[in-house]
>>> print(open('target_38.txt').read())   # compact mmCIF, C-alpha atoms and all ligand atoms
# COMPACT_ATOMS: atom_id res chain seq x y z
CA MET X 1 61.36 83.18 102.79
CA ARG X 2 60.91 86.30 100.66
CA LEU X 3 63.85 88.55 101.52
CA LEU X 4 64.16 92.14 100.44
CA ILE X 5 67.68 93.36 101.10
CA SER X 6 69.30 96.75 100.69
CA GLY X 7 72.78 98.15 101.18
CA GLY X 8 75.11 100.07 99.02
CA GLY X 9 77.71 102.60 98.10
CA THR X 10 80.79 100.47 98.72
CA GLY X 11 81.64 96.78 98.51
CA GLY X 12 81.83 96.64 102.30
CA HIS X 13 78.04 96.98 102.47
CA ILE X 14 77.21 94.92 99.37
CA TYR X 15 79.26 91.74 99.74
CA PRO X 16 77.79 90.85 103.17
CA ALA X 17 74.31 91.13 101.63
CA LEU X 18 75.24 88.86 98.73
CA ALA X 19 76.92 86.42 101.10
CA LEU X 20 73.76 86.18 103.20
CA ILE X 21 71.70 85.57 100.05
CA ASP X 22 74.18 82.85 99.09
CA THR X 23 73.58 80.93 102.33
CA LEU X 24 69.80 81.38 102.23
CA LYS X 25 69.76 80.09 98.64
CA LYS X 26 71.78 77.01 99.57
CA ASP X 27 69.62 76.29 102.62
CA ASP X 28 66.26 76.50 100.82
CA ASP X 29 65.94 76.93 97.07
CA SER X 30 62.37 78.21 97.43
CA ASN X 31 63.71 81.38 99.11
CA SER X 32 63.42 84.44 96.86
CA PHE X 33 65.31 87.71 96.90
CA LEU X 34 65.11 91.30 95.76
CA TYR X 35 67.99 93.74 96.21
CA VAL X 36 67.31 97.48 96.36
CA GLY X 37 70.17 99.91 95.77
CA THR X 38 70.93 103.08 93.85
CA ASN X 39 72.03 103.31 90.25
CA ARG X 40 75.18 105.21 91.33
CA GLY X 41 76.69 102.88 93.94
CA LEU X 42 78.93 99.89 93.24
CA GLU X 43 75.86 97.69 93.85
CA SER X 44 74.41 98.65 90.45
CA LYS X 45 77.23 96.61 88.86
CA ILE X 46 77.96 93.93 91.46
CA VAL X 47 74.37 92.82 92.22
CA PRO X 48 73.05 92.27 88.66
CA ASN X 49 76.37 90.53 87.85
CA ALA X 50 75.64 88.14 90.71
CA GLY X 51 72.29 87.29 89.06
CA ILE X 52 70.14 88.83 91.82
CA ASP X 53 66.98 90.82 90.96
CA PHE X 54 67.85 94.47 91.44
CA LYS X 55 65.72 97.62 91.75
CA THR X 56 66.82 101.18 92.46
CA VAL X 57 65.63 104.18 94.41
CA GLU X 58 67.11 107.67 94.19
CA ILE X 59 68.79 109.00 97.35
CA GLN X 60 71.86 110.91 98.53
CA GLY X 61 73.79 111.22 101.80
CA PHE X 62 73.60 114.08 104.28
CA LYS X 63 76.32 116.74 104.24
CA ARG X 64 77.74 117.20 107.72
CA SER X 65 77.39 120.99 107.58
CA LEU X 66 74.06 122.73 107.13
CA SER X 67 73.61 123.30 103.43
CA LEU X 68 70.93 123.69 100.80
CA GLN X 69 71.93 120.25 99.61
CA ASN X 70 70.45 118.85 102.82
CA PHE X 71 67.00 120.09 101.84
CA LYS X 72 67.39 118.20 98.60
CA THR X 73 68.53 115.18 100.64
CA ILE X 74 65.44 115.31 102.84
CA TYR X 75 63.25 115.64 99.78
CA LEU X 76 64.99 112.68 98.14
CA PHE X 77 64.75 110.65 101.36
CA LEU X 78 60.98 111.11 101.55
CA LYS X 79 60.66 110.39 97.85
CA SER X 80 62.73 107.22 98.15
CA VAL X 81 60.70 106.04 101.17
CA HIS X 82 57.66 106.43 98.94
CA GLU X 83 59.39 104.50 96.10
CA ALA X 84 60.56 101.83 98.55
CA LYS X 85 57.01 101.33 99.86
CA LYS X 86 55.86 100.73 96.29
CA ILE X 87 58.61 98.15 95.75
CA ILE X 88 57.76 96.48 99.08
CA ARG X 89 54.04 96.31 98.22
CA GLU X 90 54.90 94.63 94.91
CA PHE X 91 57.50 92.16 96.24
CA LYS X 92 55.69 91.37 99.54
CA PRO X 93 58.79 90.43 101.58
CA ASP X 94 58.54 88.38 104.79
CA VAL X 95 61.51 90.29 106.15
CA VAL X 96 63.60 93.34 105.12
CA VAL X 97 67.35 93.53 105.78
CA GLY X 98 69.68 96.54 105.58
CA THR X 99 73.44 96.19 105.38
CA GLY X 100 74.41 99.87 105.57
CA GLY X 101 74.81 102.83 103.24
CA TYR X 102 72.28 105.63 102.67
CA VAL X 103 70.01 103.63 100.43
CA CYS X 104 69.02 101.10 103.09
CA GLY X 105 67.95 103.99 105.34
CA ALA X 106 64.93 104.66 103.13
CA VAL X 107 64.15 101.02 102.38
CA VAL X 108 64.34 99.66 105.93
CA TYR X 109 62.53 102.71 107.33
CA ALA X 110 59.72 102.19 104.81
CA ALA X 111 59.45 98.50 105.81
CA SER X 112 59.29 99.34 109.52
CA GLN X 113 56.47 101.80 108.82
CA MET X 114 54.63 98.98 107.03
CA HIS X 115 55.12 96.65 110.06
CA ILE X 116 57.27 94.19 108.18
CA PRO X 117 60.00 92.50 110.30
CA THR X 118 63.32 94.32 109.89
CA PHE X 119 66.96 93.51 110.57
CA ILE X 120 70.05 95.64 110.05
CA HIS X 121 73.65 94.52 109.92
CA GLU X 122 76.41 96.73 111.31
CA GLN X 123 79.79 95.59 110.01
CA ASN X 124 81.91 98.10 111.92
CA SER X 125 82.97 98.64 115.51
CA ILE X 126 81.36 102.09 115.41
CA ALA X 127 77.87 102.39 113.93
CA GLY X 128 77.29 104.17 110.64
CA VAL X 129 74.91 107.16 110.46
CA THR X 130 72.22 105.20 108.63
CA ASN X 131 72.23 102.27 111.05
CA LYS X 132 72.17 104.63 114.04
CA PHE X 133 69.04 106.22 112.60
CA LEU X 134 67.44 102.89 111.72
CA SER X 135 68.20 101.32 115.09
CA HIS X 136 65.16 103.14 116.54
CA PHE X 137 62.79 101.47 114.09
CA VAL X 138 64.12 97.97 113.39
CA ASP X 139 63.46 94.70 115.22
CA LYS X 140 66.98 93.27 115.43
CA ILE X 141 70.55 94.44 114.82
CA GLY X 142 73.44 92.13 113.92
CA ILE X 143 76.92 93.25 114.99
CA CYS X 144 80.46 92.05 114.26
CA PHE X 145 82.48 93.77 117.00
CA GLU X 146 81.57 93.78 120.71
CA ALA X 147 82.38 97.50 120.72
CA ALA X 148 79.36 98.18 118.48
CA LYS X 149 76.96 96.93 121.14
CA LYS X 150 76.91 100.16 123.11
CA GLU X 151 75.81 102.08 120.01
CA PHE X 152 72.39 100.44 119.86
CA PRO X 153 69.41 99.52 122.11
CA SER X 154 70.90 96.44 123.79
CA ARG X 155 67.73 94.27 123.66
CA LYS X 156 67.87 94.39 119.85
CA VAL X 157 71.52 93.43 119.44
CA VAL X 158 72.75 89.99 118.34
CA PHE X 159 76.42 89.18 117.76
CA THR X 160 76.37 87.60 114.31
CA GLY X 161 79.68 88.43 112.63
CA ASN X 162 79.84 89.27 108.93
CA PRO X 163 78.18 86.87 106.44
CA ARG X 164 81.10 87.31 104.08
CA ALA X 165 83.14 85.27 106.56
CA GLN X 166 80.91 82.22 106.14
CA GLN X 167 80.94 82.60 102.37
CA VAL X 168 84.72 82.55 102.13
CA ALA X 169 85.50 80.27 105.09
CA ASN X 170 85.98 77.09 103.10
CA ILE X 171 87.48 78.49 99.92
CA LYS X 172 90.64 76.65 98.89
CA ALA X 173 93.51 77.76 96.68
CA THR X 174 92.86 76.91 93.02
CA GLY X 175 95.82 78.44 91.24
CA ARG X 176 94.08 81.75 90.48
CA LEU X 177 97.26 83.79 90.95
CA ALA X 178 98.75 82.11 87.89
CA GLU X 179 95.83 83.44 85.80
CA LEU X 180 96.80 86.94 86.93
CA GLY X 181 100.37 86.44 85.73
CA LEU X 182 101.90 85.60 89.09
CA SER X 183 104.07 82.65 89.99
CA GLU X 184 102.56 79.81 91.99
CA ASN X 185 105.89 79.11 93.63
CA LYS X 186 106.56 82.48 95.23
CA LYS X 187 105.17 83.98 98.38
CA THR X 188 102.68 86.74 97.55
CA VAL X 189 101.86 90.11 99.10
CA LEU X 190 98.48 91.61 98.14
CA ILE X 191 98.22 95.41 98.38
CA PHE X 192 94.78 97.02 98.01
CA GLY X 193 92.85 99.91 99.55
CA GLY X 194 89.35 98.52 100.08
CA SER X 195 86.76 98.14 97.35
CA ARG X 196 87.45 101.54 95.81
CA GLY X 197 91.22 101.75 96.24
CA ALA X 198 93.09 104.25 98.46
CA LYS X 199 95.24 107.06 97.08
CA ARG X 200 97.66 107.16 100.03
CA ILE X 201 98.22 103.41 100.01
CA ASN X 202 98.75 103.51 96.25
CA GLU X 203 101.33 106.30 96.59
CA ALA X 204 103.20 104.51 99.35
CA ALA X 205 103.16 101.28 97.36
CA MET X 206 104.61 103.03 94.30
CA ASP X 207 107.43 104.44 96.48
CA ALA X 208 107.99 101.07 98.13
CA PHE X 209 108.34 99.00 94.96
CA SER X 210 112.04 99.69 94.51
CA LEU X 211 112.62 98.90 98.22
CA PHE X 212 110.72 95.62 98.30
CA ASP X 213 112.79 92.49 98.53
CA THR X 214 111.19 91.01 95.41
CA ASN X 215 113.68 88.18 95.26
CA GLU X 216 111.87 86.84 98.31
CA PHE X 217 108.27 87.55 97.29
CA GLN X 218 105.98 88.85 94.56
CA VAL X 219 103.36 91.59 94.82
CA LEU X 220 99.80 91.82 93.54
CA PHE X 221 98.93 95.53 93.57
CA VAL X 222 95.20 96.31 93.17
CA THR X 223 94.80 100.06 92.67
CA GLY X 224 91.01 100.56 92.59
CA SER X 225 89.47 101.40 89.23
CA ILE X 226 89.61 105.21 89.53
CA TYR X 227 93.38 105.24 90.14
CA TYR X 228 94.35 102.56 87.67
CA GLU X 229 94.98 104.56 84.47
CA LYS X 230 97.13 107.17 86.22
CA ILE X 231 99.20 104.51 87.95
CA LYS X 232 99.60 102.52 84.75
CA ASN X 233 100.88 105.70 83.06
CA GLU X 234 103.25 106.45 85.92
CA ILE X 235 104.66 102.97 85.79
CA GLY X 236 104.86 103.30 82.01
CA GLU X 237 107.71 101.41 80.53
CA LYS X 238 109.39 100.73 83.89
CA LYS X 239 110.01 97.04 84.20
CA LEU X 240 108.55 95.96 87.50
CA ASN X 241 110.12 92.78 88.69
CA ASN X 242 107.64 90.39 90.34
CA ILE X 243 104.90 93.03 90.64
CA VAL X 244 101.52 92.69 88.91
CA VAL X 245 99.17 95.68 88.82
CA LYS X 246 95.36 95.30 88.48
CA SER X 247 92.51 97.78 88.81
CA TYR X 248 90.00 95.51 90.59
CA ILE X 249 89.72 91.81 91.36
CA GLN X 250 86.21 90.55 90.56
CA ASP X 251 86.43 87.48 92.73
CA MET X 252 88.72 88.46 95.57
CA PRO X 253 87.90 85.49 97.85
CA ALA X 254 89.11 83.09 95.16
CA ILE X 255 92.64 84.50 95.36
CA LEU X 256 92.83 85.10 99.12
CA PRO X 257 93.85 81.54 100.11
CA GLU X 258 96.99 81.99 97.99
CA ILE X 259 98.01 85.26 99.69
CA ASP X 260 100.78 85.27 102.33
CA LEU X 261 100.37 88.87 103.50
CA ILE X 262 97.74 91.57 102.94
CA VAL X 263 98.47 95.27 103.06
CA GLY X 264 95.21 97.17 103.10
CA ARG X 265 92.60 99.35 104.74
CA SER X 266 90.64 98.01 107.69
CA GLY X 267 87.18 97.96 106.15
CA ALA X 268 85.04 95.56 108.11
CA THR X 269 84.29 93.16 105.29
CA SER X 270 87.96 92.77 104.43
CA LEU X 271 88.60 92.04 108.09
CA ALA X 272 85.91 89.35 108.10
CA GLU X 273 87.74 87.68 105.21
CA ILE X 274 91.20 88.12 106.71
CA THR X 275 90.16 86.61 110.03
CA VAL X 276 88.09 83.67 108.86
CA LEU X 277 90.85 82.63 106.43
CA GLY X 278 93.66 83.43 108.89
CA ILE X 279 95.73 85.73 106.68
CA PRO X 280 98.43 87.94 108.23
CA SER X 281 97.89 91.62 107.48
CA ILE X 282 99.27 95.12 107.79
CA LEU X 283 96.22 97.35 108.27
CA ILE X 284 96.34 101.05 107.40
CA PRO X 285 93.02 102.50 108.64
CA SER X 286 91.40 105.16 106.48
CA PRO X 287 91.28 108.41 108.47
CA ASN X 288 88.41 109.64 106.27
CA VAL X 289 85.57 107.47 107.55
CA THR X 290 82.80 108.21 110.07
CA HIS X 291 84.10 108.46 113.65
CA ASP X 292 87.43 106.98 112.55
CA HIS X 293 85.79 103.53 112.68
CA GLN X 294 88.55 101.84 110.66
CA THR X 295 91.08 102.61 113.41
CA TYR X 296 88.81 100.88 115.93
CA ASN X 297 88.31 97.95 113.53
CA ALA X 298 92.07 97.57 113.06
CA ARG X 299 92.84 98.04 116.73
CA SER X 300 90.47 95.25 117.72
CA LEU X 301 92.70 92.86 115.73
CA ALA X 302 96.06 94.48 116.46
CA ASP X 303 95.37 94.35 120.23
CA ILE X 304 95.08 90.55 120.14
CA GLY X 305 98.07 90.05 117.85
CA ALA X 306 95.84 89.18 114.87
CA ALA X 307 97.16 91.97 112.61
CA ILE X 308 99.71 94.79 112.49
CA MET X 309 98.34 98.33 112.43
CA LEU X 310 100.23 101.08 110.59
CA LYS X 311 98.69 104.52 111.04
CA GLU X 312 98.43 106.54 107.84
CA ASP X 313 100.47 109.42 109.28
CA MET X 314 103.39 106.98 109.63
CA LEU X 315 102.92 105.60 106.13
CA SER X 316 105.64 106.12 103.52
CA GLY X 317 107.35 103.98 100.91
CA GLN X 318 110.11 103.31 103.42
CA THR X 319 107.91 102.38 106.42
CA LEU X 320 105.77 100.18 104.23
CA ALA X 321 108.78 98.43 102.70
CA ASP X 322 110.36 97.92 106.14
CA GLU X 323 107.20 96.33 107.56
CA VAL X 324 106.58 94.14 104.51
CA ASN X 325 110.20 93.01 104.08
CA GLY X 326 110.45 92.26 107.81
CA LEU X 327 107.28 90.19 107.92
CA MET X 328 107.96 88.32 104.71
CA LYS X 329 111.33 87.20 106.08
CA ASP X 330 109.77 86.00 109.33
CA ASP X 331 107.60 82.95 108.61
CA GLU X 332 107.11 82.26 112.30
CA ARG X 333 105.75 85.71 113.03
CA ARG X 334 103.38 85.54 110.07
CA THR X 335 102.13 82.15 111.25
CA ARG X 336 101.49 83.51 114.76
CA ILE X 337 99.50 86.45 113.39
CA ALA X 338 97.57 84.14 111.06
CA GLN X 339 96.64 81.83 113.94
CA GLU X 340 95.37 84.71 116.09
CA ALA X 341 93.43 86.13 113.11
CA LYS X 342 91.75 82.81 112.48
CA LYS X 343 90.67 82.54 116.11
CA ALA X 344 88.79 85.83 115.65
CA GLY X 345 86.95 84.64 112.52
CA ILE X 346 83.25 83.76 112.59
CA PRO X 347 82.63 80.99 110.05
CA ASP X 348 78.89 80.56 110.75
CA SER X 349 77.85 84.23 110.55
CA SER X 350 75.18 83.84 107.84
CA THR X 351 73.61 80.91 109.66
CA ARG X 352 73.40 83.04 112.81
CA ILE X 353 71.58 85.77 110.83
CA GLU X 354 69.32 83.24 109.14
CA LYS X 355 68.15 82.02 112.58
CA VAL X 356 67.35 85.59 113.64
CA LEU X 357 65.38 86.22 110.43
CA ILE X 358 63.36 83.01 110.80
CA ASP X 359 62.55 83.92 114.41
CA LEU X 360 61.42 87.37 113.32
CA ILE X 361 59.18 85.95 110.61
CA ASN X 362 57.63 83.37 112.96
CA ARG X 363 57.15 85.80 115.80
C1 LIG J 1 86.06 104.17 102.57
C2 LIG J 1 84.92 103.52 103.25
O1 LIG J 1 83.89 104.13 103.51
N1 LIG J 1 85.09 102.26 103.62
C3 LIG J 1 84.07 101.49 104.29
C4 LIG J 1 83.51 100.44 103.36
O2 LIG J 1 84.63 99.69 102.98
P1 LIG J 1 85.05 99.03 101.61
O3 LIG J 1 83.91 98.76 100.75
O4 LIG J 1 86.20 99.71 101.02
O5 LIG J 1 85.75 97.79 102.24
P2 LIG J 1 85.67 96.48 102.97
O6 LIG J 1 87.06 96.28 103.28
O7 LIG J 1 84.73 96.40 104.10
O8 LIG J 1 85.19 95.44 101.84
C5 LIG J 1 85.76 95.40 100.60
C6 LIG J 1 85.22 94.21 99.89
O9 LIG J 1 85.54 94.36 98.53
C7 LIG J 1 86.23 93.21 98.08
N2 LIG J 1 87.14 93.62 96.99
C8 LIG J 1 88.04 94.62 97.19
C9 LIG J 1 88.91 94.98 96.16
C10 LIG J 1 88.83 94.28 94.93
O10 LIG J 1 89.58 94.53 93.99
N3 LIG J 1 87.92 93.30 94.80
C11 LIG J 1 87.06 92.95 95.79
O11 LIG J 1 86.24 92.05 95.62
C12 LIG J 1 86.95 92.68 99.30
O12 LIG J 1 87.29 91.32 99.14
C13 LIG J 1 85.88 92.92 100.37
O13 LIG J 1 84.91 91.90 100.35
O14 LIG J 1 82.56 99.62 104.03
C14 LIG J 1 83.09 98.92 105.15
C15 LIG J 1 81.98 98.04 105.74
O15 LIG J 1 80.97 98.79 106.27
C16 LIG J 1 83.67 99.89 106.18
O16 LIG J 1 84.28 99.18 107.23
C17 LIG J 1 84.70 100.77 105.48
O17 LIG J 1 85.25 101.71 106.38
>>> encode(input="target_38.txt", output="structure tokens")
Amino acid sequence: MRLLISGGGTGGHIYPALALIDTLKKDDDSNSFLYVGTNRGLESKIVPNAGIDFKTVEIQGFKRSLSLQNFKTIYLFLKSVHEAKKIIREFKPDVVVGTGGYVCGAVVYAASQMHIPTFIHEQNSIAGVTNKFLSHFVDKIGICFEAAKKEFPSRKVVFTGNPRAQQVANIKATGRLAELGLSENKKTVLIFGGSRGAKRINEAAMDAFSLFDTNEFQVLFVTGSIYYEKIKNEIGEKKLNNIVVKSYIQDMPAILPEIDLIVGRSGATSLAEITVLGIPSILIPSPNVTHDHQTYNARSLADIGAAIMLKEDMLSGQTLADEVNGLMKDDERRTRIAQEAKKAGIPDSSTRIEKVLIDLINR
């Protein structure tokens, strides 16, 4: 299969694409891949690093209010559709897949206009703007939450889960925490705010450090690269007992099996990892995302006892420390949450998508 895949902006759209490629590579080494992104999104670093052929088109997102910028956006959209068609003609894909973010809007739209089979993947419980738009043109739509079904034409929808789940499902602990300067004999709390970091979570974490019961557990605090320098400066010479601070973890799945509790946003790709591995979590949904979709993502787990949700307006150093200290003392409760999380995981998500793609190609 020749697969052209596009998705970008944040890790939450990129990692599922790479995970799908991973499975397709393993299943048939004659499969070939081209990834199309922008040169501004995280994909411009992550995809070439993963050794996948990468091309870019220029595009930007719509502003919600009417502005002159939107005329530029429309112009760039049409230009990028034109660029995408050129890339498609050269690569000659059998199928084109979009995993969300503005860039895949142009690429998948171009493919649909050229009558090439198309598939989009919606990671969230509420559809993103790009996928909503594309849903009118594509052949099939993979979803990860039942709630997303009503957002799309129902005959196109397939419940696939997130390919990142399959990629990480069988990862075992290999002592990676020790390489980061953490002890292998202590329970570990990982705090991070999605692929780009989250200011409010970082602030609460900084306030919570002195309140954490760090005799009981250690903390890996991942700030996101844009916040790292400032936080490092703020911490300065303070000696932080049992707390390690990093800007970004290149290979997050490799450390996840060694984590006893996650404190983080409720981005869909993180949730796919948390569930398939069965890791207890305190989820603090970002209030700054389209249609508040992270709250719906988090609620879908919290409602079945598979995670704890802490709304950002209740977040402070104290509330965070109380929740974390309480959970870290209560092994039984953490185990219960982990078991429920694992039940919600979908370990064969890439294989489900692969079947849909093969059907589309053979149709
Ligand atoms: C602010 C924003 O718009 N967030 C959206 C973005 O999430 P965003 O990209 O932040 O987050 P997700 O939680 O979905 O995925 C993050 C991914 O990055 C990885 N990771 C994270 C930190 C790190 O240091 N190293 C690392 O590898 C995680 O393991 C995970 O695979 O896309 C998601 C999927 O559509 C949405 O649900 C989120 O609402």
>>> residues_around(input="target_38.txt", residues="X:Leu4", least_positions_apart="4", cutoff="8 Å", atoms="only C-alpha atoms", output="short mmCIF file (atom, residue, chain, number, x, y, z; two decimals) with C-alpha atoms, in the frame of the given file")
data_model
loop_
_atom_site.label_atom_id
_atom_site.label_comp_id
_atom_site.auth_asym_id
_atom_site.auth_seq_id
_atom_site.Cartn_x
_atom_site.Cartn_y
_atom_site.Cartn_z
CA PHE X 33 65.31 87.71 96.90
CA LEU X 34 65.11 91.30 95.76
CA TYR X 35 67.99 93.74 96.21
CA VAL X 36 67.31 97.48 96.36
CA ILE X 88 57.76 96.48 99.08
CA PHE X 91 57.50 92.16 96.24
CA PRO X 93 58.79 90.43 101.58
CA VAL X 95 61.51 90.29 106.15
CA VAL X 96 63.60 93.34 105.12
CA VAL X 97 67.35 93.53 105.78
#
>>> closest_residue(input="target_38.txt", among="X:Asn124, X:Gln318, X:Thr130, X:Thr118", to="ligand LIG 1 (chain J)", atoms="only C-alpha atoms and all ligand atoms")
X:Asn124
>>> closest_residue(input="target_38.txt", among="X:Ser225, X:Thr73, X:Ser135, X:Thr335", to="X:Gly194", atoms="only C-alpha atoms")
X:Ser225
>>> residues_around(input="target_38.txt", residues="X:Val263", least_positions_apart="4", cutoff="10 Å", atoms="all atoms listed in the file", output="JSON, numbers by chain")
{"X": [189, 190, 191, 192, 193, 201, 205, 221, 280, 281, 282, 283, 284, 308, 309, 310, 320, 323, 324]}
>>> closest_residue(input="target_38.txt", among="X:Ile361, X:Val103, X:Ala254, X:Ile59", to="ligand LIG 1 (chain J)", atoms="all atoms listed in the file")
X:Ala254
>>> atom_distance(input="target_38.txt", atom1="atom CA of X:Arg176", atom2="atom CA of X:Ile274")
17.7 Å
>>> residues_around(input="target_38.txt", residues="X:Lys92", least_positions_apart="2", cutoff="12 Å", atoms="only C-alpha atoms", output="count of residues only")
22
>>> closest_residue(input="target_38.txt", among="X:Glu122, X:Asp207, X:Glu58, X:Asp331", to="ligand LIG 1 (chain J)", atoms="only C-alpha atoms and all ligand atoms")
X:Glu122
>>> atom_distance(input="target_38.txt", atom1="atom C13 of ligand LIG 1 (chain J)", atom2="atom CA of X:Glu332")
26.6 Å
>>> axis_aligned_box(input="target_38.txt", around="stretch 77-93 of chain X", padding_each_side="4 Å", output="JSON")
{"center_x": 59.4, "center_y": 100.8, "center_z": 98.2, "size_x": 18.7, "size_y": 28.7, "size_z": 14.7}
>>> atom_distance(input="target_38.txt", atom1="atom O6 of ligand LIG 1 (chain J)", atom2="atom CA of X:Ala302")
16.1 Å
>>> residues_around(input="target_38.txt", residues="X:Ser270", least_positions_apart="4", cutoff="10 Å", atoms="all atoms listed in the file", output="list in words")
Gly11, Gly12, Tyr15, Asn162, Arg164, Ala165, Gly193, Gly194, Ser195, Met252, Pro253, Ile262, Gly264, Arg265, Ser266, Ile274 and Thr275 of chain X
>>> residues_near_point(input="target_38.txt", point="(82.4, 91.0, 116.0)", cutoff="12 Å", atoms="all atoms listed in the file", output="VMD selection string")
chain X and resid 121 to 126 142 to 149 157 to 163 165 268 to 269 271 to 272 275 to 276 296 to 297 300 to 301 343 to 347 349
>>> closest_residue(input="target_38.txt", among="X:Ile249, X:Leu180, X:Val138, X:Ala173", to="ligand LIG 1 (chain J)", atoms="all atoms listed in the file")
X:Ile249
>>> closest_residue(input="target_38.txt", among="X:Leu211, X:Val222, X:Leu256, X:Ile353", to="X:Gly326", atoms="only C-alpha atoms")
X:Leu211
>>> residues_around(input="target_38.txt", residues="stretch 286-288 of chain X", least_positions_apart="2", cutoff="9 Å", atoms="all atoms listed in the file", output="count of residues only")
14
>>> residues_near_point(input="target_38.txt", point="(90.0, 103.4, 90.3)", cutoff="10 Å", atoms="only C-alpha atoms", output="VMD selection string")
chain X and resid 195 to 199 222 to 231 246 to 248
